[in-house]
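Trainee: For reference, this is work-v3.pdb, and it has PDB, C-alpha atoms.
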MODEL        1
ATOM      1  CA  MET P 271      81.741  11.586 114.030
ATOM      2  CA  THR P 272      80.150   8.146 114.034
ATOM      3  CA  ILE P 273      77.715   6.575 116.498
ATOM      4  CA  ARG P 274      76.999   2.866 116.356
ATOM      5  CA  ALA P 275      73.962   1.064 117.729
ATOM      6  CA  THR P 276      72.039  -1.999 116.705
ATOM      7  CA  PHE P 277      68.452  -2.370 115.617
ATOM      8  CA  GLN P 278      66.966  -5.806 115.101
ATOM      9  CA  GLY P 279      70.440  -7.086 114.410
ATOM     10  CA  GLU P 280      70.796  -5.287 111.098
ATOM     11  CA  PRO P 281      72.844  -2.104 111.024
ATOM     12  CA  VAL P 282      71.093   0.772 109.324
ATOM     13  CA  VAL P 283      73.393   3.528 108.143
ATOM     14  CA  VAL P 284      72.317   7.156 108.340
ATOM     15  CA  LEU P 285      74.242  10.076 106.881
ATOM     16  CA  LEU P 286      73.484  13.231 108.862
ATOM     17  CA  VAL P 287      74.354  16.476 107.098
ATOM     18  CA  GLU P 288      74.108  19.243 109.691
ATOM     19  CA  ASP P 289      76.323  22.247 110.390
ATOM     20  CA  ASN P 290      74.695  23.226 113.684
ATOM     21  CA  GLU P 291      76.558  21.190 116.288
ATOM     22  CA  ASP P 292      73.758  21.441 118.845
ATOM     23  CA  HIS P 293      71.199  20.161 116.372
ATOM     24  CA  ALA P 294      73.532  17.377 115.214
ATOM     25  CA  GLU P 295      74.055  16.237 118.778
ATOM     26  CA  LEU P 296      70.318  16.380 119.447
ATOM     27  CA  VAL P 297      69.592  14.226 116.389
ATOM     28  CA  MET P 298      72.283  11.693 117.240
ATOM     29  CA  ARG P 299      71.276  11.491 120.895
ATOM     30  CA  SER P 300      67.582  11.130 120.082
ATOM     31  CA  LEU P 301      68.137   8.441 117.481
ATOM     32  CA  ALA P 302      70.447   6.571 119.830
ATOM     33  CA  ALA P 303      68.000   6.916 122.738
ATOM     34  CA  HIS P 304      65.212   5.351 120.713
ATOM     35  CA  ARG P 305      67.621   2.756 119.339
ATOM     36  CA  VAL P 306      66.297   3.372 115.866
ATOM     37  CA  ALA P 307      69.465   4.634 114.301
ATOM     38  CA  ASN P 308      72.252   2.320 114.073
ATOM     39  CA  GLU P 309      75.284   3.786 112.462
ATOM     40  CA  ILE P 310      75.206   7.540 112.086
ATOM     41  CA  HIS P 311      77.839   9.329 110.053
ATOM     42  CA  HIS P 312      77.832  13.060 110.618
ATOM     43  CA  VAL P 313      79.261  15.633 108.220
ATOM     44  CA  SER P 314      78.981  19.353 108.755
ATOM     45  CA  ASP P 315      78.851  20.856 105.270
ATOM     46  CA  GLY P 316      77.489  20.154 101.817
ATOM     47  CA  GLN P 317      80.863  19.532 100.225
ATOM     48  CA  LEU P 318      81.656  16.794 102.756
ATOM     49  CA  ALA P 319      78.219  15.279 102.156
ATOM     50  CA  LEU P 320      78.980  14.962  98.432
ATOM     51  CA  ASP P 321      82.492  13.682  99.160
ATOM     52  CA  TYR P 322      80.933  11.036 101.398
ATOM     53  CA  VAL P 323      78.343   9.719  98.937
ATOM     54  CA  PHE P 324      80.727   9.888  95.967
ATOM     55  CA  ARG P 325      83.470   8.255  98.100
ATOM     56  CA  ARG P 326      86.069  10.930  97.632
ATOM     57  CA  GLY P 327      89.028  11.841  99.857
ATOM     58  CA  ASP P 328      88.615  10.640 103.449
ATOM     59  CA  TYR P 329      85.494   8.708 102.464
ATOM     60  CA  ALA P 330      87.050   6.430  99.855
ATOM     61  CA  ASP P 331      86.868   3.289 101.991
ATOM     62  CA  PRO P 332      83.391   1.699 101.800
ATOM     63  CA  ALA P 333      84.030  -0.238 105.022
ATOM     64  CA  LYS P 334      84.525   3.005 106.959
ATOM     65  CA  SER P 335      82.071   5.081 104.966
ATOM     66  CA  PRO P 336      79.275   2.716 103.956
ATOM     67  CA  ARG P 337      76.570   3.802 101.590
ATOM     68  CA  PRO P 338      73.768   5.312 103.705
ATOM     69  CA  HIS P 339      70.270   3.841 103.814
ATOM     70  CA  VAL P 340      68.854   7.268 104.546
ATOM     71  CA  ILE P 341      70.251  10.815 104.383
ATOM     72  CA  LEU P 342      69.073  13.476 106.847
ATOM     73  CA  LEU P 343      69.837  16.787 105.186
ATOM     74  CA  ASP P 344      69.802  20.306 106.545
ATOM     75  CA  LEU P 345      69.182  23.009 103.929
ATOM     76  CA  ARG P 346      71.355  25.894 105.126
ATOM     77  CA  LEU P 347      74.870  24.545 104.883
ATOM     78  CA  PRO P 348      78.345  25.968 104.349
ATOM     79  CA  LYS P 349      80.305  25.439 101.112
ATOM     80  CA  VAL P 350      77.591  23.637  99.140
ATOM     81  CA  ASP P 351      74.022  24.275 100.238
ATOM     82  CA  GLY P 352      71.501  21.552 100.987
ATOM     83  CA  LEU P 353      69.426  22.105  97.865
ATOM     84  CA  GLU P 354      72.482  21.601  95.663
ATOM     85  CA  VAL P 355      73.384  18.438  97.579
ATOM     86  CA  LEU P 356      69.832  17.204  96.984
ATOM     87  CA  GLN P 357      69.930  18.074  93.273
ATOM     88  CA  THR P 358      73.311  16.422  92.762
ATOM     89  CA  ILE P 359      72.253  13.187  94.454
ATOM     90  CA  LYS P 360      68.819  13.038  92.823
ATOM     91  CA  THR P 361      70.267  13.487  89.330
ATOM     92  CA  SER P 362      72.748  10.638  89.840
ATOM     93  CA  SER P 363      71.243   7.477  88.365
ATOM     94  CA  ASP P 364      72.755   5.403  91.156
ATOM     95  CA  LEU P 365      72.643   7.634  94.228
ATOM     96  CA  ARG P 366      69.136   8.955  93.626
ATOM     97  CA  LEU P 367      67.774   5.698  95.050
ATOM     98  CA  ILE P 368      68.785   6.805  98.552
ATOM     99  CA  PRO P 369      65.895   8.350 100.494
ATOM    100  CA  ILE P 370      66.656  11.937 101.492
ATOM    101  CA  VAL P 371      64.752  13.522 104.351
ATOM    102  CA  VAL P 372      65.225  17.265 104.702
ATOM    103  CA  LEU P 373      65.405  18.318 108.353
ATOM    104  CA  THR P 374      65.426  22.076 108.603
ATOM    105  CA  THR P 375      64.229  25.084 110.566
ATOM    106  CA  SER P 376      62.823  26.620 107.375
ATOM    107  CA  GLU P 377      59.107  26.495 106.743
ATOM    108  CA  ALA P 378      59.456  28.920 103.829
ATOM    109  CA  GLU P 379      57.202  27.873 100.960
ATOM    110  CA  LYS P 380      60.046  28.525  98.506
ATOM    111  CA  ASP P 381      62.265  25.991 100.262
ATOM    112  CA  VAL P 382      59.502  23.392 100.486
ATOM    113  CA  PHE P 383      58.659  23.884  96.801
ATOM    114  CA  ARG P 384      62.274  23.607  95.658
ATOM    115  CA  ALA P 385      62.919  20.528  97.756
ATOM    116  CA  TYR P 386      59.916  18.635  96.352
ATOM    117  CA  SER P 387      60.697  19.859  92.826
ATOM    118  CA  ASN P 388      64.094  18.254  93.241
ATOM    119  CA  TYR P 389      62.635  14.978  94.450
ATOM    120  CA  VAL P 390      63.176  15.144  98.180
ATOM    121  CA  ASN P 391      61.587  12.070  99.754
ATOM    122  CA  SER P 392      60.248  13.893 102.794
ATOM    123  CA  TYR P 393      60.499  17.360 104.358
ATOM    124  CA  LEU P 394      60.525  17.798 108.124
ATOM    125  CA  VAL P 395      60.627  21.011 110.105
ATOM    126  CA  LYS P 396      62.711  20.850 113.290
ATOM    127  CA  PRO P 397      60.346  21.237 116.233
ATOM    128  CA  ILE P 398      61.129  23.615 119.076
ATOM    129  CA  GLY P 399      62.062  21.929 122.359
ATOM    130  CA  TYR P 400      63.874  18.727 123.168
ATOM    131  CA  GLU P 401      60.802  16.610 123.899
ATOM    132  CA  LYS P 402      59.114  17.270 120.567
ATOM    133  CA  PHE P 403      62.406  16.936 118.729
ATOM    134  CA  SER P 404      63.041  13.597 120.378
ATOM    135  CA  GLU P 405      59.528  12.425 119.510
ATOM    136  CA  LEU P 406      60.065  13.349 115.866
ATOM    137  CA  MET P 407      63.347  11.449 115.798
ATOM    138  CA  GLU P 408      61.569   8.387 117.158
ATOM    139  CA  GLN P 409      58.829   8.578 114.535
ATOM    140  CA  LEU P 410      61.342   9.276 111.780
ATOM    141  CA  GLY P 411      63.421   6.325 112.882
ATOM    142  CA  PHE P 412      60.509   3.918 113.083
ATOM    143  CA  TYR P 413      59.205   5.048 109.740
ATOM    144  CA  TRP P 414      62.385   5.137 107.627
ATOM    145  CA  MET P 415      64.366   2.430 109.361
ATOM    146  CA  GLY P 416      61.449   0.214 110.281
ATOM    147  CA  TRP P 417      58.433   0.392 108.001
ATOM    148  CA  ASN P 418      59.945   1.810 104.852
ATOM    149  CA  LYS P 419      61.412  -0.693 102.430
ATOM    150  CA  ASN P 420      64.797   0.712 101.586
ATOM    151  CA  PRO P 421      66.246   0.448  98.093
ATOM    152  CA  PRO P 422      68.814  -2.242  97.377
ATOM    153  CA  LEU P 423      72.332  -0.989  98.163
TER     154      LEU P 423
ATOM    155  CA  MET W 558      34.356   6.280  96.822
ATOM    156  CA  THR W 559      35.122   9.078  99.244
ATOM    157  CA  ILE W 560      35.486   9.002 103.010
ATOM    158  CA  ARG W 561      35.591  12.230 104.978
ATOM    159  CA  ALA W 562      37.016  12.777 108.431
ATOM    160  CA  THR W 563      38.733  15.654 110.170
ATOM    161  CA  PHE W 564      42.220  15.952 111.578
ATOM    162  CA  GLN W 565      43.214  18.993 113.589
ATOM    163  CA  GLY W 566      40.605  20.946 111.712
ATOM    164  CA  GLU W 567      42.442  20.869 108.396
ATOM    165  CA  PRO W 568      41.279  18.380 105.800
ATOM    166  CA  VAL W 569      44.067  16.304 104.324
ATOM    167  CA  VAL W 570      43.265  14.746 100.984
ATOM    168  CA  VAL W 571      44.552  11.284 100.131
ATOM    169  CA  LEU W 572      44.267   9.638  96.729
ATOM    170  CA  LEU W 573      44.212   5.863  97.153
ATOM    171  CA  VAL W 574      44.986   3.887  93.993
ATOM    172  CA  GLU W 575      44.127   0.257  94.722
ATOM    173  CA  ASP W 576      42.373  -2.387  92.627
ATOM    174  CA  ASN W 577      41.981  -4.944  95.417
ATOM    175  CA  GLU W 578      38.685  -4.017  97.054
ATOM    176  CA  ASP W 579      39.543  -5.790 100.323
ATOM    177  CA  HIS W 580      42.836  -3.921 100.617
ATOM    178  CA  ALA W 581      41.175  -0.624  99.722
ATOM    179  CA  GLU W 582      38.566  -1.107 102.412
ATOM    180  CA  LEU W 583      41.249  -2.071 104.914
ATOM    181  CA  VAL W 584      43.253   1.081 104.155
ATOM    182  CA  MET W 585      40.214   3.329 104.351
ATOM    183  CA  ARG W 586      38.927   1.759 107.551
ATOM    184  CA  SER W 587      42.335   1.887 109.236
ATOM    185  CA  LEU W 588      42.965   5.505 108.292
ATOM    186  CA  ALA W 589      39.477   6.456 109.436
ATOM    187  CA  ALA W 590      39.868   4.500 112.701
ATOM    188  CA  HIS W 591      43.044   6.368 113.567
ATOM    189  CA  ARG W 592      41.499   9.643 112.379
ATOM    190  CA  VAL W 593      44.622  10.445 110.445
ATOM    191  CA  ALA W 594      43.112  10.476 107.006
ATOM    192  CA  ASN W 595      40.658  13.055 106.295
ATOM    193  CA  GLU W 596      39.324  12.902 102.801
ATOM    194  CA  ILE W 597      40.157   9.727 100.940
ATOM    195  CA  HIS W 598      39.435   9.431  97.241
ATOM    196  CA  HIS W 599      39.666   5.889  95.984
ATOM    197  CA  VAL W 600      40.252   4.875  92.371
ATOM    198  CA  SER W 601      40.737   1.291  91.258
ATOM    199  CA  ASP W 602      43.033   1.480  88.244
ATOM    200  CA  GLY W 603      46.003   3.425  86.932
ATOM    201  CA  GLN W 604      44.076   5.181  84.184
ATOM    202  CA  LEU W 605      41.600   6.595  86.689
ATOM    203  CA  ALA W 606      44.503   7.699  88.905
ATOM    204  CA  LEU W 607      45.949   9.727  86.028
ATOM    205  CA  ASP W 608      42.496  11.064  85.098
ATOM    206  CA  TYR W 609      42.108  12.182  88.707
ATOM    207  CA  VAL W 610      45.404  14.059  89.054
ATOM    208  CA  PHE W 611      45.194  15.574  85.555
ATOM    209  CA  ARG W 612      41.521  16.477  86.201
ATOM    210  CA  ARG W 613      40.058  14.710  83.217
ATOM    211  CA  GLY W 614      36.531  13.348  82.690
ATOM    212  CA  ASP W 615      34.671  12.762  85.957
ATOM    213  CA  TYR W 616      37.470  14.448  87.898
ATOM    214  CA  ALA W 617      37.352  17.850  86.184
ATOM    215  CA  ASP W 618      35.827  19.665  89.166
ATOM    216  CA  PRO W 619      38.515  20.633  91.712
ATOM    217  CA  ALA W 620      35.879  21.033  94.428
ATOM    218  CA  LYS W 621      34.851  17.384  94.086
ATOM    219  CA  SER W 622      38.281  16.049  93.180
ATOM    220  CA  PRO W 623      40.770  18.185  95.096
ATOM    221  CA  ARG W 624      44.468  17.847  94.509
ATOM    222  CA  PRO W 625      45.759  15.172  96.915
ATOM    223  CA  HIS W 626      48.311  15.920  99.617
ATOM    224  CA  VAL W 627      49.551  12.341  99.416
ATOM    225  CA  ILE W 628      49.031   9.495  96.934
ATOM    226  CA  LEU W 629      48.966   5.877  98.148
ATOM    227  CA  LEU W 630      49.780   3.790  95.092
ATOM    228  CA  ASP W 631      49.566   0.062  94.508
ATOM    229  CA  LEU W 632      51.952  -1.267  91.850
ATOM    230  CA  ARG W 633      49.940  -4.028  90.167
ATOM    231  CA  LEU W 634      47.034  -2.200  88.614
ATOM    232  CA  PRO W 635      44.717  -2.712  85.637
ATOM    233  CA  LYS W 636      44.895  -0.522  82.501
ATOM    234  CA  VAL W 637      47.961   1.543  83.479
ATOM    235  CA  ASP W 638      50.312  -0.038  85.986
ATOM    236  CA  GLY W 639      51.531   1.674  89.127
ATOM    237  CA  LEU W 640      55.058   2.248  87.895
ATOM    238  CA  GLU W 641      53.765   4.119  84.851
ATOM    239  CA  VAL W 642      51.478   6.201  87.057
ATOM    240  CA  LEU W 643      54.523   7.033  89.213
ATOM    241  CA  GLN W 644      56.665   7.916  86.184
ATOM    242  CA  THR W 645      53.985  10.108  84.654
ATOM    243  CA  ILE W 646      53.393  12.059  87.856
ATOM    244  CA  LYS W 647      57.084  12.398  88.734
ATOM    245  CA  THR W 648      57.963  13.758  85.281
ATOM    246  CA  SER W 649      55.243  16.419  85.492
ATOM    247  CA  SER W 650      56.830  19.655  86.713
ATOM    248  CA  ASP W 651      53.713  20.487  88.695
ATOM    249  CA  LEU W 652      52.387  17.130  89.920
ATOM    250  CA  ARG W 653      55.760  15.720  90.923
ATOM    251  CA  LEU W 654      55.582  17.780  94.111
ATOM    252  CA  ILE W 655      52.933  15.399  95.486
ATOM    253  CA  PRO W 656      54.403  12.748  97.804
ATOM    254  CA  ILE W 657      53.741   9.242  96.463
ATOM    255  CA  VAL W 658      53.894   6.306  98.840
ATOM    256  CA  VAL W 659      53.871   2.901  97.159
ATOM    257  CA  LEU W 660      51.814   0.379  99.131
ATOM    258  CA  THR W 661      52.199  -3.065  97.639
ATOM    259  CA  THR W 662      52.503  -6.763  98.364
ATOM    260  CA  SER W 663      55.679  -6.917  96.261
ATOM    261  CA  GLU W 664      59.029  -7.088  97.993
ATOM    262  CA  ALA W 665      60.771  -7.876  94.688
ATOM    263  CA  GLU W 666      64.057  -6.026  94.431
ATOM    264  CA  LYS W 667      63.252  -5.103  90.825
ATOM    265  CA  ASP W 668      60.075  -3.306  91.913
ATOM    266  CA  VAL W 669      61.813  -1.519  94.772
ATOM    267  CA  PHE W 670      64.663  -0.454  92.482
ATOM    268  CA  ARG W 671      62.343   0.835  89.757
ATOM    269  CA  ALA W 672      60.162   2.718  92.209
ATOM    270  CA  TYR W 673      63.122   4.576  93.766
ATOM    271  CA  SER W 674      64.672   5.158  90.328
ATOM    272  CA  ASN W 675      61.447   6.902  89.400
ATOM    273  CA  TYR W 676      61.456   9.061  92.516
ATOM    274  CA  VAL W 677      58.927   7.352  94.727
ATOM    275  CA  ASN W 678      58.860   9.140  98.084
ATOM    276  CA  SER W 679      58.483   5.987 100.144
ATOM    277  CA  TYR W 680      57.901   2.269  99.569
ATOM    278  CA  LEU W 681      55.811   0.218 101.978
ATOM    279  CA  VAL W 682      55.081  -3.480 101.874
ATOM    280  CA  LYS W 683      51.568  -4.445 102.990
ATOM    281  CA  PRO W 684      51.865  -6.431 106.206
ATOM    282  CA  ILE W 685      49.966  -9.678 106.684
ATOM    283  CA  GLY W 686      47.107  -9.520 109.172
ATOM    284  CA  TYR W 687      44.693  -6.757 110.124
ATOM    285  CA  GLU W 688      46.447  -5.663 113.309
ATOM    286  CA  LYS W 689      49.807  -5.024 111.664
ATOM    287  CA  PHE W 690      48.137  -3.427 108.663
ATOM    288  CA  SER W 691      46.205  -1.100 110.929
ATOM    289  CA  GLU W 692      49.360  -0.203 112.827
ATOM    290  CA  LEU W 693      51.135   0.674 109.585
ATOM    291  CA  MET W 694      48.230   2.872 108.513
ATOM    292  CA  GLU W 695      48.447   4.710 111.836
ATOM    293  CA  GLN W 696      52.193   5.296 111.465
ATOM    294  CA  LEU W 697      51.823   6.274 107.828
ATOM    295  CA  GLY W 698      49.077   8.690 108.718
ATOM    296  CA  PHE W 699      50.970  10.313 111.561
ATOM    297  CA  TYR W 700      54.100  10.603 109.470
ATOM    298  CA  TRP W 701      52.728  11.909 106.170
ATOM    299  CA  MET W 702      49.731  13.831 107.447
ATOM    300  CA  GLY W 703      51.261  14.948 110.726
ATOM    301  CA  TRP W 704      55.020  15.360 110.756
ATOM    302  CA  ASN W 705      55.791  15.724 107.075
ATOM    303  CA  LYS W 706      55.603  19.229 105.675
ATOM    304  CA  ASN W 707      53.527  18.867 102.548
ATOM    305  CA  PRO W 708      54.320  20.843  99.426
ATOM    306  CA  PRO W 709      52.236  23.923  98.653
ATOM    307  CA  LEU W 710      49.111  22.990  96.651
TER     308      LEU W 710
ENDMDL
END
Is it possible to give me this structure as structure tokens?
Mentor:
Amino acid sequence: MTIRATFQGEPVVVLLVEDNEDHAELVMRSLAAHRVANEIHHVSDGQLALDYVFRRGDYADPAKSPRPHVILLDLRLPKVDGLEVLQTIKTSSDLRLIPIVVLTTSEAEKDVFRAYSNYVNSYLVKPIGYEKFSELMEQLGFYWMGWNKNPPL
Amino acid sequence: MTIRATFQGEPVVVLLVEDNEDHAELVMRSLAAHRVANEIHHVSDGQLALDYVFRRGDYADPAKSPRPHVILLDLRLPKVDGLEVLQTIKTSSDLRLIPIVVLTTSEAEKDVFRAYSNYVNSYLVKPIGYEKFSELMEQLGFYWMGWNKNPPL
């Protein structure tokens, strides 16, 4: 699923890796509401996330599946789990440039430790309740798609 | 130089690595004004930054020189440059957990590329003018000391 919006004229591409459909919809709606996310590509498991970034299968066409500026990554995912997705991307000399923000329900110290050990850029815990969730999406959007200087594509 | 403030009761420690005294003061004032930074330790070159995180010399006492939650790192630095500081920290299995935010005047693609290649967590370009600078410090503070789940110390 893809949502398109514009932000200061320049499209910013987000890859959202999330198996929980409710959470995915919440993220996409919130980002769209705050007009901070621009082109959101949603995949629902870790294997599809890797297929997307490595441009395999359905994601071979760069026009349809552009390289993301930022990846929002859930940790508990079917097929290939989020930590393995993170490790695979962060050990690729090319793809590791892409900022990865973990967005998860887990506050477990083990998960936080492993994510930072594997060079996650930022780790966010999903807040309870729509209002707080929406506020986080706004802040996340302003920070990563506004203030942060993204790597060259 | 150390500035102390409180934020939601829990002290958050920031290591600021900045050789430009005006910029350092601006960062410290802005963070203090928004009450988002809590305990800021300022060092003015790359060698001192490494001494601090590896607890060498004047920084041997963890009570006086606590491990930072976040490092704000300029790139152009005397003695050891910012990129080397980044590389050294991000190749340490322990220290690499610490989020490093580059805060620099350089928008050069080469610098951005090298920083992300060496696992910088985020890259921010210093805005021109106090108001914008202060606004960035507020956002940075809320994001990294509020929303972001920091790694276990």
Trainee: Please report as number ranges by chain which residues of chain P come no farther than 8 Å from chain W, using all atoms listed in the file.
Mentor: P: 363, 366-369, 379, 382-383, 386-387, 389-395, 406, 409-410, 413, 417-422
Trainee: Using atom CA of Arg624 of chain W and atom CA of Thr645 of chain W as the two end points, give the distance in Å to one decimal.
Mentor: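 Atom CA of Thr645 of chain W lies 15.7 Å from atom CA of Arg624 of chain W.
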Trainee: Please report the interatomic distance between atom CA of Ile685 of chain W and atom CA of Gly698 of chain W in Å with one decimal.
Mentor: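 So the two atoms, atom CA of Ile685 of chain W and atom CA of Gly698 of chain W, lie 18.5 Å apart.
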Trainee: Could you tell me how far atom CA of Asp576 of chain W sits from atom CA of Arg633 of chain W, in Å to one decimal place?
Mentor: 8.1 Å
Trainee: Counting all atoms listed in the file, write as a tab-separated table (two decimals) with C-alpha atoms, in the coordinates of the input all protein and nucleic acid residues lying at most 10 Å from (69.2, 13.6, 118.8) in the file's frame.
Mentor:
chain	number	residue	atom	x	y	z
P	292	ASP	CA	73.76	21.44	118.84
P	293	HIS	CA	71.20	20.16	116.37
P	294	ALA	CA	73.53	17.38	115.21
P	295	GLU	CA	74.06	16.24	118.78
P	296	LEU	CA	70.32	16.38	119.45
P	297	VAL	CA	69.59	14.23	116.39
P	298	MET	CA	72.28	11.69	117.24
P	299	ARG	CA	71.28	11.49	120.90
P	300	SER	CA	67.58	11.13	120.08
P	301	LEU	CA	68.14	8.44	117.48
P	302	ALA	CA	70.45	6.57	119.83
P	303	ALA	CA	68.00	6.92	122.74
P	304	HIS	CA	65.21	5.35	120.71
P	400	TYR	CA	63.87	18.73	123.17
P	403	PHE	CA	62.41	16.94	118.73
P	404	SER	CA	63.04	13.60	120.38
P	405	GLU	CA	59.53	12.42	119.51
P	406	LEU	CA	60.06	13.35	115.87
P	407	MET	CA	63.35	11.45	115.80
P	408	GLU	CA	61.57	8.39	117.16
